$ cat model_15.tsv   # TSV, C-alpha atoms
chain	number	residue	atom	x	y	z
B	1	MET	CA	105.31	120.28	71.11
B	2	ALA	CA	108.82	119.68	69.69
B	3	VAL	CA	110.19	119.67	73.25
B	4	ASP	CA	107.63	117.01	74.29
B	5	LEU	CA	108.68	114.80	71.37
B	6	ALA	CA	112.37	115.25	72.20
B	7	MET	CA	111.70	114.31	75.83
B	8	LYS	CA	109.86	111.14	74.76
B	9	LYS	CA	112.78	110.18	72.54
B	10	ALA	CA	115.18	110.71	75.46
B	11	ARG	CA	113.87	107.49	77.07
B	12	LEU	CA	113.97	108.72	80.63
B	13	THR	CA	113.39	105.77	82.97
B	14	LEU	CA	113.35	107.48	86.39
B	15	LEU	CA	111.44	110.72	85.95
B	16	GLY	CA	107.83	110.35	87.05
B	17	ARG	CA	108.35	106.83	88.38
B	18	ASN	CA	109.05	105.17	91.69
B	19	ALA	CA	112.54	103.77	91.52
B	20	ARG	CA	115.17	102.32	93.82
B	21	ILE	CA	118.49	104.00	94.46
B	22	PRO	CA	121.21	101.91	92.79
B	23	SER	CA	123.51	100.08	95.21
B	24	SER	CA	126.67	101.43	93.54
B	25	PRO	CA	127.73	104.04	90.98
B	26	SER	CA	128.44	101.20	88.53
B	27	GLU	CA	124.73	100.33	88.58
B	28	ALA	CA	123.56	103.95	88.33
B	29	LYS	CA	122.82	105.69	85.06
B	30	LEU	CA	123.01	109.39	84.37
B	31	GLU	CA	120.09	109.96	82.02
B	32	THR	CA	120.08	112.76	79.48
B	33	PHE	CA	117.71	114.66	77.25
B	34	PRO	CA	118.34	116.89	74.22
B	35	ASN	CA	119.56	120.40	75.02
B	36	PRO	CA	116.57	122.67	74.29
B	37	ALA	CA	118.73	125.73	73.49
B	38	ARG	CA	121.50	126.54	71.05
B	39	ARG	CA	123.20	129.28	73.06
B	40	ASN	CA	125.81	128.72	75.74
B	41	TYR	CA	124.29	128.78	79.20
B	42	ARG	CA	125.20	127.33	82.59
B	43	ILE	CA	123.37	124.73	84.63
B	44	HIS	CA	124.10	124.49	88.37
B	45	PHE	CA	123.30	121.43	90.48
B	46	GLU	CA	123.87	121.44	94.25
B	47	THR	CA	123.20	118.93	97.00
B	48	ALA	CA	124.21	118.71	100.64
B	49	ASP	CA	123.08	115.06	100.89
B	50	PHE	CA	126.22	113.39	99.53
B	51	THR	CA	127.95	110.59	101.43
B	52	SER	CA	130.61	108.04	100.61
B	53	LEU	CA	132.78	105.85	102.82
B	54	CYS	CA	136.40	106.32	103.85
B	55	PRO	CA	138.30	103.32	102.42
B	56	VAL	CA	140.45	103.04	105.56
B	57	THR	CA	138.03	103.64	108.45
B	58	ASP	CA	134.69	102.86	106.76
B	59	GLN	CA	133.33	106.07	108.33
B	60	ALA	CA	130.93	108.17	106.28
B	61	ASP	CA	132.33	111.22	104.51
B	62	PHE	CA	129.71	113.95	104.13
B	63	ALA	CA	129.92	116.59	101.40
B	64	THR	CA	128.13	119.31	99.56
B	65	ILE	CA	128.48	118.64	95.84
B	66	GLU	CA	128.16	121.34	93.20
B	67	ILE	CA	128.18	120.67	89.47
B	68	ASP	CA	128.34	123.61	87.08
B	69	TYR	CA	128.26	122.86	83.39
B	70	VAL	CA	127.67	124.28	79.95
B	71	PRO	CA	125.68	121.68	78.00
B	72	ASN	CA	126.51	120.75	74.45
B	73	LYS	CA	123.90	118.53	72.76
B	74	LEU	CA	122.64	116.83	75.94
B	75	CYS	CA	121.52	117.87	79.44
B	76	VAL	CA	121.61	115.63	82.50
B	77	GLU	CA	118.21	114.86	84.01
B	78	SER	CA	118.23	115.87	87.69
B	79	LYS	CA	116.46	112.84	89.21
B	80	SER	CA	118.98	110.49	87.60
B	81	LEU	CA	121.78	112.68	88.99
B	82	LYS	CA	120.19	112.49	92.44
B	83	PHE	CA	120.07	108.69	92.26
B	84	TYR	CA	123.59	108.49	90.83
B	85	LEU	CA	125.04	110.61	93.66
B	86	ALA	CA	123.04	108.68	96.28
B	87	SER	CA	124.56	105.44	94.97
B	88	TYR	CA	127.90	106.47	96.51
B	89	ARG	CA	126.57	105.94	100.04
B	90	ASN	CA	128.24	102.49	100.27
B	91	GLU	CA	131.20	103.28	98.00
B	92	ARG	CA	134.60	103.01	99.69
B	93	ALA	CA	137.03	105.48	98.11
B	94	PHE	CA	139.17	108.49	98.88
B	95	ASN	CA	137.39	111.82	98.36
B	96	GLU	CA	139.70	112.79	95.51
B	97	ALA	CA	138.92	109.56	93.62
B	98	VAL	CA	135.18	109.98	94.16
B	99	ILE	CA	135.05	113.48	92.69
B	100	ASN	CA	137.20	112.56	89.70
B	101	ARG	CA	134.95	109.57	89.01
B	102	ILE	CA	131.85	111.77	89.19
B	103	LEU	CA	133.45	114.14	86.69
B	104	ASP	CA	134.42	111.28	84.35
B	105	ASP	CA	130.94	109.73	84.50
B	106	PHE	CA	129.29	113.12	83.93
B	107	VAL	CA	131.44	113.85	80.88
B	108	ARG	CA	130.82	110.35	79.50
B	109	ALA	CA	127.05	110.79	79.93
B	110	CYS	CA	126.51	114.19	78.31
B	111	ALA	CA	129.78	115.40	76.70
B	112	PRO	CA	129.37	118.97	78.00
B	113	ARG	CA	131.27	121.94	76.61
B	114	GLU	CA	132.69	122.38	80.09
B	115	VAL	CA	131.99	121.19	83.61
B	116	ILE	CA	133.34	121.77	87.11
B	117	VAL	CA	132.56	119.35	89.95
B	118	THR	CA	133.26	120.69	93.44
B	119	ALA	CA	132.88	118.81	96.70
B	120	ALA	CA	133.23	120.49	100.09
B	121	PHE	CA	133.67	117.63	102.56
B	122	ALA	CA	132.74	118.03	106.22
B	123	ILE	CA	135.59	118.81	108.58
B	124	ARG	CA	137.26	115.73	109.95
B	125	GLY	CA	140.16	115.85	112.39
B	126	GLY	CA	140.09	119.64	112.28
B	127	ILE	CA	140.77	119.83	108.53
B	128	ALA	CA	138.32	120.77	105.81
B	129	LEU	CA	138.79	119.26	102.35
B	130	THR	CA	137.46	120.67	99.11
B	131	VAL	CA	138.06	118.82	95.85
B	132	ARG	CA	137.47	120.47	92.48
B	133	ALA	CA	137.84	118.72	89.13
B	134	SER	CA	137.11	120.19	85.72
B	135	PHE	CA	136.67	119.35	82.06
B	136	PRO	CA	138.26	120.11	79.75
B	137	ASP	CA	141.49	119.58	81.64
B	138	ARG	CA	143.68	122.60	81.92
B	139	PRO	CA	147.12	121.93	80.42
B	140	LYS	CA	149.89	121.27	82.91
B	141	SER	CA	152.40	124.07	83.05
B	142	GLN	CA	155.96	123.34	81.95
B	143	GLY	CA	159.07	123.66	84.09
B	144	ASN	CA	159.64	124.41	87.79
B	145	GLY	CA	156.86	121.98	88.75
B	146	ARG	CA	154.32	124.81	88.77

$ encode --input "model_15.tsv" --output "structure tokens"
Amino acid sequence: MAVDLAMKKARLTLLGRNARIPSSPSEAKLETFPNPARRNYRIHFETADFTSLCPVTDQADFATIEIDYVPNKLCVESKSLKFYLASYRNERAFNEAVINRILDDFVRACAPREVIVTAAFAIRGGIALTVRASFPDRPKSQGNGR
């Protein structure tokens, strides 16, 4: 009963409704709901349906996206995440910028204890590209450029 009340207060606008995929990530909203547990635990999202556009060639870049996070006070609702990721289909950006933006938006939406966003992009020109970004940032090491 308390969980039902918390979900109603979360004001989820996509779950259980027909909705249109936003035309850009700027229009998309990552919706959240109160974390139902106090302990640390991991949530894993994965999709192989991700596409964005190369900013130079306008060709589609296909990727499998994985998001692993430890929620703090809020959890991300999965349908809103699906719509948010789908909104990149017309977004022109380098893969590295896309993944860092996803991480930034995710952190802004739910302030997790930690999160790792990984994208394995389809091979293009004989080279595979995997981008991984995490929060909190790991400190840069000092000296020797390492």

$ closest_residue --input "model_15.tsv" --among "B:Arg124, B:Lys29, B:Lys73, B:Arg132" --to "Val98 (chain B)" --atoms "only C-alpha atoms"
B:Arg132

$ closest_residue --input "model_15.tsv" --among "B:Asn72, B:Thr57, B:Ser23, B:Thr130" --to "Asn35 (chain B)" --atoms "all atoms listed in the file"
B:Asn72

$ residues_around --input "model_15.tsv" --residues "Glu66 (chain B)" --least-positions-apart "2" --cutoff "9 Å" --atoms "only C-alpha atoms" --output "PyMOL selection string"
chain B and resi 44-48+64+68+116-120

$ atom_distance --input "model_15.tsv" --atom1 "CA of Cys54 (chain B)" --atom2 "CA of Phe94 (chain B)"
6.1 Å

$ closest_residue --input "model_15.tsv" --among "B:Arg113, B:Arg38, B:Lys82, B:Arg108" --to "Phe50 (chain B)" --atoms "only C-alpha atoms"
B:Lys82

$ closest_residue --input "model_15.tsv" --among "B:Glu27, B:Glu91, B:Asp137, B:Glu77" --to "Ser52 (chain B)" --atoms "all atoms listed in the file"
B:Glu91

$ closest_residue --input "model_15.tsv" --among "B:Cys75, B:Val56, B:Ala128, B:Ala122" --to "Arg92 (chain B)" --atoms "all atoms listed in the file"
B:Val56

$ atom_distance --input "model_15.tsv" --atom1 "CA of Ala28 (chain B)" --atom2 "CA of Asp105 (chain B)"
10.1 Å

$ atom_distance --input "model_15.tsv" --atom1 "CA of Gln59 (chain B)" --atom2 "CA of Ser78 (chain B)"
27.4 Å

$ residues_near_point --input "model_15.tsv" --point "(135.3, 113.3, 101.0)" --cutoff "7 Å" --atoms "all atoms listed in the file" --output "PyMOL selection string"
chain B and resi 61-63+94-95+121
